[in-house]
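**Student:** Quick one: the structure is below, and I'll ask about it shortly.
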Amino acid sequence: METAEIRRRWLSFFEQRGHTVVPSASLVSPDPSLLFTVAGMVPFIPYLTGRETAPYPRATSVQKCVRTLDIEEVGRTTRHGTFFQMNGNFSFGDYFKEGAIRYAWDLLTTSQDDGGYGFDPDTLWATVYEDDDEAFQLWQDVAGLPVERIQRRGKKDNYWHTGQPGPAGPCSEIYVDRGPAYGVDGGPVADEDRYLEVWNLVFMQYEIDQVRSKEDFRVLGPLPRPNIDTGMGLERVALLLQGVENLYEIDEVRPVLDRAAELAGVVYGGSTVDGHDVQGAGHEVDVRLRVVADHVRSALMLMGDGVRPGNEGAGYVLRRLVRRAVRAMRLLGVQTPVLPELLPVSMERMSRSYPELATDFGRISAVAYAEEEAFRRTLDSGTARFTAAAEGTRAQGRRTVSGDEAFALHDTYGFPIDLTLEMAAEQGLQVDADGFRRLMGEQRERARADARAKKTGGVDTSVYRAVGDTVGAPVVFTGYEQTEGDA
Ligand code: ATP
Ligand code: MG
Ligand code: MG
Ligand code: MG
């Protein structure tokens, strides 16, 4: 089933059940505390917190989302995109737990001929919050789910709140068992690869305060009119219904991956044996192709929503995505500009659901291609500096490029550490990565001290600049955002 059809069925299912269809909000978060829209509920925050009265009792949407926290997962797990679409249904003091569970179960298990997604009920599992006996019982009564396939989890996984005093409540997540070939028995608690999370139901039913951490807060009491917030991963359902291995192989993403492989003259799938991922010779090639496919799409969608490359905030995230995609292609051996080859392919697929991408493509592509050109120049000047550093290292009879050199390359030329590592390896050299990291840490400390001194609010972009971005490199990327919530 095509992704566009999964989306269409979603909206029509909930529209037929009294939900107002609300168009996706921009990826640039309407909520000032977030850089991006990270979940379907973000545009509804004023209604869910009771700050404003919802103009409808029920709503549904397919929301564009960006989660930069997941950037390190991209290409390595089967299920994380930096951009993805979250299908949501929302109740503002209207139906509650039973209704939410019933709708989810019906849509997932109704046959495809009858307008549903047609999942085999025997493959579905649910988790509930450990104290939520009501949900535990409803999964049995409403869905007929056997107790062995309902697992209890603690606050870390199955409790939602914003980190602020206000509404909160238990969650219940729905997982699809992909079968023994994908991992071990034992349900989602045992294995999140075999059991793929597709849908999160949030039951906002309490008011909390004294929030000290994800798991440490005080429950004040029940909300007078509890709300429902759910999020289903459109791409995750697509990968299952399209019978592909991962999110990067679905109809909306795969064409970019294929074009990237063609440009690089490599065959995608070298890391799979019988369809399953193995760590091996082709693994890094496959990861890079997936990263390219993901990042090109995310960059397209961000630019479609008016984000321009820049040195802070959303613009910086966009810049990073473009750079990572370009660099991954370089690491695959492609020296020529890649976005003119890849961006139109992504636009062609995505404009089927977002037609404005096609009408706006002149503007979007001009911005994107200029950004790639600028980065190519950075790479070119950094490459000359790298060559000098490598020669200097050899001339001194050393085999290791110093941390100082790696840091200078990064700091002065914006030259990513993994590229330094890779190019050094090509020349039979190593890099003092520990030294590099120490210098990065010192710079980060200086930046923090600066920020403290300035007492600026908002996003401290020096943090982002100070962390190397990575495609398969050992430097940990700590994310672009300070706050990202769950669904
Ligand atoms: P995971 O545990 O797999 O990282 P999550 O618990 O962080 O997912 P939620 O915050 O519950 O995800 O979001 C609701 C739904 O959105 C998930 O059930 C999933 O289907 C989808 N989703 C979340 N993050 C991503 C992502 N990075 N890419 C694609 N789909 C996602
Ligand atoms: Mg997650
Ligand atoms: Mg999860
Ligand atoms: Mg979840």
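Chains: A, B, ... in order of the structure tokens. Residues: from 1 per chain. Ligands: from 1, in order shown.
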From a DSSP calculation on the backbone, collect every residue of segment 41-245 of chain A in helix (DSSP H, G or I) and output the set as a PyMOL selection string.
**Tutor:** chain A and resi 42-48+68-73+97-109+112-114+121-123+133-143+147-149+155-158+180-182+234-241
**Student:** List all protein, DNA and RNA residues that have an atom no more than 10 Å from any atom of ligand 3, counting only C-alpha atoms and all ligand atoms, and report them as a count of residues only.
**Tutor:** 15
**Student:** Give me the residues within 7 Å of segment 407-417 of chain A as a PyMOL selection string, counting only C-alpha atoms and dropping any in the same chain fewer than 2 places off.
**Tutor:** chain A and resi 378-379+382+403-405+419-421+436+439+468-469
**Student:** Using only C-alpha atoms, find the one residue out of A:Lys64, A:Arg79, A:Arg7, A:Arg376 that sits nearest to Gln335 of chain A.
**Tutor:**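 Ranked by minimum distance to Gln335 of chain A, first place goes to A:Arg376.
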**Student:** Quick one: residues within 6 Å of Leu342 of chain A, only C-alpha atoms, excluding same-chain residues fewer than 3 positions away - as a list in words?
**Tutor:**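 Skipping anything fewer than 3 positions along the chain leaves Val256, Leu339 and Val345 of chain A.
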**Student:** Each residue of chain A lying at most 9 Å from ligand 2 should get a row with its shortest atom-to-atom pair and the distance in Å to one decimal, counting only C-alpha atoms and all ligand atoms; could you produce that, ordered by chain and increasing number, as JSON lines?
**Tutor:**
```
{"residue": "A:Arg67", "atom": "CA", "partner": "ligand 2", "partner_atom_place_in_ligand_line": "1 (Mg)", "distance": 8.5}
{"residue": "A:Leu69", "atom": "CA", "partner": "ligand 2", "partner_atom_place_in_ligand_line": "1 (Mg)", "distance": 8.0}
{"residue": "A:Asp70", "atom": "CA", "partner": "ligand 2", "partner_atom_place_in_ligand_line": "1 (Mg)", "distance": 6.7}
{"residue": "A:His80", "atom": "CA", "partner": "ligand 2", "partner_atom_place_in_ligand_line": "1 (Mg)", "distance": 7.7}
{"residue": "A:Asp486", "atom": "CA", "partner": "ligand 2", "partner_atom_place_in_ligand_line": "1 (Mg)", "distance": 7.5}
```
**Student:** Taking only C-alpha atoms and all ligand atoms into account, which of A:Phe90, A:Trp160, A:Tyr56, A:Tyr47 comes nearest ligand 4?
**Tutor:**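 Using only C-alpha atoms and all ligand atoms, ligand 4 sits closest to A:Trp160.
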**Student:** Using only C-alpha atoms, which of A:Ile228, A:Glu442, A:Ala325, A:Asp251 sits nearest Arg352 of chain A?
**Tutor:** A:Asp251
**Student:** With distances taken over only C-alpha atoms and all ligand atoms, which of A:Ser24, A:Arg149, A:Glu72, A:Ser172 is nearest to ligand 4?
**Tutor:** A:Ser172
